[in-house]
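What follows is one structure encoded as structure tokens, with my remarks underneath.
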Amino acid sequence: MPPPTQGQSPPVLIDPRALTSCRHRVHLDAAHPAAVASVPEDVGVQQRREAARAHREAMRQRLMDADGLRWVVVDPAAPARERAAATLAACADGADRIWGAVLPLEFDTGRRGRAELLVRDAERGGYFPVIVVNHKVTDPGSGAVTSGLDAWEPAVDETRKVRAQLRDQFRLAQLYRMLERRGHASPAMLGGAIGYGGECILVHDLAAVMDQYDERFADRIAVARGELATVPSQIGECRSCPWWDACKAELTQARDVSLVASGSRADVLRAAGVDTIDALAAWDGPAPEDWQGNGFADSVVIARAWLAGVPLARRHETVTVQRADVEVDVDMESYQEHGAYLWGTLLTEGGVTEPYRPFVTWDPLPTRDEARSFAEFWNWLTGTLEATLAQGKTFAAYCYSRAAEDKWLLDSATRFAGMPGIPTVKQVRTFIDGPHWVDIYQAVGEQFVCPNGKGLKKIAPVAGFNWRDAEAGGEASMSWYREAVGYDGQPNLDQRERLFVYNEDDVRATKVLREWMTERAEAEIPLASEL
């Protein structure tokens with residue numbers, strides 16, 4: 001179908017991102033495109049976009065080093081229509097690989113799509129779409145079907161298992177449908193994804209997902225065209241959505257149940273006739289039949305706390321948290337999947353807290369100097385532990401939400417194995433599984449029902465702690481780090497200091513929170529049963 005003529009309303013087009021996005025957001029984006037275009041891009045989104053662009057370029061250079069293949073590179077600076085024409089011409093000419101492929105807009109179906117790479121099916125004809133993404137697509141294990149980068153030779157991989165990424169499969173399915181329409185899709189119905197690290201191509205069987213894709217696409221294009229009505233409902237995506245302020249105001253006015261039980265749980269409650277926070281707060285009896293997992297009682301308490309304006313509710317008469325003679329609070333900063341550049345610590349003994357102590361590398365990640373800073377941190381921490389126990393005293397090291405710290409402790413031991421001062425994976429595992437590593441996030445969940453979430457920046461202010469930098473946060477710190485190490489120019493020493501302040505405040509917030517739990521929480525926070 002040709003593009004619209006002058007005076008006609010432009011047809012609605014959606015890319016695969018809409019297929020895993022909020023339905024109401026798809027409607028709002030399509031209905032108010034000018035409003036979306038005027039919203040400044042989120043800093044975190046900018047960071048991820050730039051990282052993805054750099055990853056794609058690195059993979060392009062790496063892939064094109066292979067000999068014996070006839071490559072066509074579509075000019076990225078050309079207008080979209082010219083790129084689409086160049087892509088179709090390269091397909092018709094039988095190029096082995098086409099980089100930067102753009103497929104013609106489908107004004108009748110509403111599809112648009114582009115692939116980092118098209119790989120020719122030498123056996124059957126047509127092309128396999130391959131995307132390059134800046135996230136992991138496999139995990140250690142077995143059963144994934146992978147291919148090497150230099151030749152398309154799918155085979156079961158006994159070292160990798162698939163990390164489920166429905167967004168990748170839907171993107172490949174959309175590209176397949178667009179290739180199919182032009183007569184350039186391989187009959188094998190396969191697609192590929194090159195993830196973070198770029199060791200191989202994960203091969204997806206698109207036939208297994210095509211029915212689900214077709215159903216989802218039909219729904220989203222109907223929503224975008226205004227053929228299906230949508231209403232707001234709080235989900236995880238809302239945190240970074242440009243429409244959230246408007247949706248939140250509407251939901252708050254309606255006292256919508258998704259404000260306290262978001263996502264699929266709100267759907268279950270609505271199906272049970274519970275549309276408002278008031279109705280959930282008044283619930284008496286077992287969980288609805290379709291409720292998944294535990295936590296229904298907490299949802300009722302959260303609804304009651306929301307109505308009472310209470311930030312936390314105690315689960316028990318007594319609030320408990322592990323304490324010790326010598327206490328070390330720890331917080332780690334990492335940059336994407338490149339490494340952990342900063343381990344911040346705060347040591348307290350006998351009521352006296354030493355100055356903040358950071359272990360850091362400012363060499364741009366990835367760098368072998370990370371091994372040096374990690375080894376210094378590990379040996380200081382475990383040395384303090386051993387010296388404390390030798391004196392007959394108790395020791396505890398605290399973090400907040402240990403998943404990230406555990407990941408980089410284990411990952412650092414693996415990547416830098418054998419280098420000076422680096423512990424073995426077994427030594428790290430013994431520490432993190434032992435009695436001296438305490439997750440205050442877990443302790444908060446055990447002691448309190450948290451209506452506003454359990455993030456440190458949600459809970460620590462209840463204990464009286466506030467961050468010095470109003471912009472402090474994980475997403476912002478990524479931007480600060482790029483400037484601090486000079487990824488895009490000269491290193492900015494002011495941003496290094498800003499990162500130290502941010503990390504120190506996270507460490508101190510953990511300390512203040514656990515001390516508050518011991519000293520004041522029982523007096524300041526009501527029991528859930530009292531709401």
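Ordering of the structure tokens sets the chain letters (A, B, ...); residue numbers start at 1 within each chain; ligands are numbered from 1 in the order shown.
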Check: Residues at most 7 Å from stretch 11-17 of chain A, counting only C-alpha atoms, excluding those fewer than 3 positions away in the same chain, as a PyMOL selection string?
Finding: chain A and resi 20-21+107+110-113+170-171+174+224-225
Closest contacts (stretch 426-459 of chain A/stretch 398-421 of chain A, max 10 Å, only C-alpha atoms) as CSV:
```
residue,atom,partner,partner_atom,distance
A:Lys426,CA,A:Leu410,CA,9.0
A:Gln427,CA,A:Ala413,CA,9.0
A:Val428,CA,A:Leu410,CA,6.4
A:Arg429,CA,A:Leu410,CA,7.4
A:Phe431,CA,A:Asp406,CA,9.9
A:Ile432,CA,A:Asp406,CA,7.0
A:Asp433,CA,A:Asp406,CA,9.8
A:His436,CA,A:Tyr398,CA,8.3
A:Trp437,CA,A:Tyr398,CA,6.1
A:Val438,CA,A:Tyr398,CA,4.8
A:Asp439,CA,A:Cys399,CA,5.3
A:Ile440,CA,A:Tyr400,CA,5.1
A:Tyr441,CA,A:Ser401,CA,5.0
A:Gln442,CA,A:Ser401,CA,7.0
A:Ala443,CA,A:Tyr400,CA,9.4
A:Val444,CA,A:Tyr400,CA,9.6
A:Lys454,CA,A:Ser401,CA,9.4
A:Gly455,CA,A:Ser401,CA,8.5
A:Leu456,CA,A:Tyr400,CA,7.1
```
Margin query: Taking only C-alpha atoms into account, name the residue in A:Thr361, A:Thr367, A:Gln391, A:Thr345 that is nearest to A:Arg508.
Written below: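 Of the candidates, the smallest distance to A:Arg508 is held by A:Thr345.
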Next item on the list: Excluding A:Gly183 and any residue of its chain fewer than 2 positions from it, enumerate the residues within 12 Å of it, using only C-alpha atoms, and give them as a list in words.
Entry: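 Final neighbour list, sorted by chain and number: Leu88, Cys91, Ala92, Gly125, Gly126, Tyr127, Tyr176, Arg177, Met178, Leu179, Glu180, Arg181, Ala185, Ser186 and Pro187 of chain A.
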How about saving the chosen residues, N, CA and C atoms kept, as a short mmCIF file (atom, residue, chain, number, x, y, z; two decimals), in the first residue's frame?
```cif
data_model
loop_
_atom_site.label_atom_id
_atom_site.label_comp_id
_atom_site.auth_asym_id
_atom_site.auth_seq_id
_atom_site.Cartn_x
_atom_site.Cartn_y
_atom_site.Cartn_z
N LEU A 88 15.95 -4.10 0.00
CA LEU A 88 15.27 -5.01 -0.93
C LEU A 88 16.15 -5.34 -2.12
N CYS A 91 18.62 -7.93 -1.04
CA CYS A 91 17.97 -9.24 -0.93
C CYS A 91 17.78 -9.86 -2.31
N ALA A 92 17.31 -9.05 -3.25
CA ALA A 92 17.08 -9.56 -4.60
C ALA A 92 18.39 -10.00 -5.26
N GLY A 125 17.08 -20.55 0.49
CA GLY A 125 16.74 -19.24 -0.05
C GLY A 125 16.06 -18.37 1.00
N GLY A 126 16.05 -17.09 0.75
CA GLY A 126 15.47 -16.15 1.70
C GLY A 126 16.47 -15.77 2.79
N TYR A 127 15.98 -15.05 3.81
CA TYR A 127 16.86 -14.50 4.83
C TYR A 127 16.33 -14.77 6.24
N TYR A 176 10.11 -11.18 10.48
CA TYR A 176 9.83 -12.32 9.61
C TYR A 176 8.58 -12.06 8.78
N ARG A 177 7.51 -11.55 9.41
CA ARG A 177 6.29 -11.26 8.67
C ARG A 177 6.55 -10.24 7.55
N MET A 178 7.40 -9.25 7.82
CA MET A 178 7.68 -8.22 6.82
C MET A 178 8.54 -8.78 5.69
N LEU A 179 9.49 -9.65 6.03
CA LEU A 179 10.28 -10.32 4.98
C LEU A 179 9.39 -11.27 4.17
N GLU A 180 8.52 -11.95 4.86
CA GLU A 180 7.62 -12.90 4.20
C GLU A 180 6.77 -12.19 3.16
N ARG A 181 6.28 -11.03 3.50
CA ARG A 181 5.42 -10.29 2.58
C ARG A 181 6.16 -9.93 1.30
N ALA A 185 11.67 -14.12 3.08
CA ALA A 185 11.83 -14.84 4.35
C ALA A 185 12.25 -16.27 4.08
N SER A 186 13.19 -16.77 4.87
CA SER A 186 13.57 -18.18 4.77
C SER A 186 12.40 -19.05 5.21
N PRO A 187 12.11 -20.13 4.46
CA PRO A 187 11.03 -21.02 4.87
C PRO A 187 11.31 -21.74 6.19
#
```
Item checked: One-decimal distance in Å that lies between atom CA of A:Cys238 and atom CA of A:Gly263 -> 10.3 Å
Item checked: Nearby residues (only C-alpha atoms) at most 9 Å from A:Leu385, same-chain spacing under 4 positions excluded, as JSON, numbers by chain -> {"A": [326, 380, 381, 389, 390, 394, 395, 396, 397, 436]}
Which residues come within 7 Å of stretch 151-154 of chain A, counting only C-alpha atoms, excluding same-chain residues fewer than 5 positions away, as a CSV table (one decimal) with C-alpha atoms, in the first residue's frame?
```csv
chain,number,residue,atom,x,y,z
A,145,VAL,CA,20.3,-23.6,19.9
A,146,THR,CA,23.1,-21.4,18.9
A,203,VAL,CA,18.7,-19.1,17.3
```
Next item on the list: Pick out the residues sitting within 10 Å of A:Tyr356, and hand them over as a VMD selection string; count only C-alpha atoms, and ignore anything fewer than 2 positions along from it in its own chain.
Entry: chain A and resid 329 344 to 347 353 to 354 358 500 to 501 503 to 505 507 to 508
Checklist line | Those of stretch 196-398 of chain A in DSSP strand (DSSP E or B), formatted as a count of residues only | finding: 40
Notebook entry, point to check: Which residues in stretch 240-461 of chain A does DSSP call alpha helix (DSSP H)? List them as an MDAnalysis selection string.
Noted result: chainID A and resid 244:254 264:271 277:281 296:308 369:390 403:415 425:432 440:447 456:459
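Each of A:Gly143, A:Pro33, A:Pro311, A:Pro10 was checked against A:Ala521 using only C-alpha atoms; the smallest atom-to-atom distance is that of A:Pro311.
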Check: How many Å lie between atom CA of A:Leu166 and atom CA of A:Gly141, rounded to one decimal?
Finding: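 For atom CA of A:Leu166 relative to atom CA of A:Gly141, the distance reads 19.3 Å.
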Next item on the list: Would you mind listing what lies within 10 Å of stretch 264-274 of chain A as a PyMOL selection string, with only C-alpha atoms counted and same-chain residues fewer than 6 positions away left out?
Entry: chain A and resi 233-235+256-258+280-283+287-292+296+299
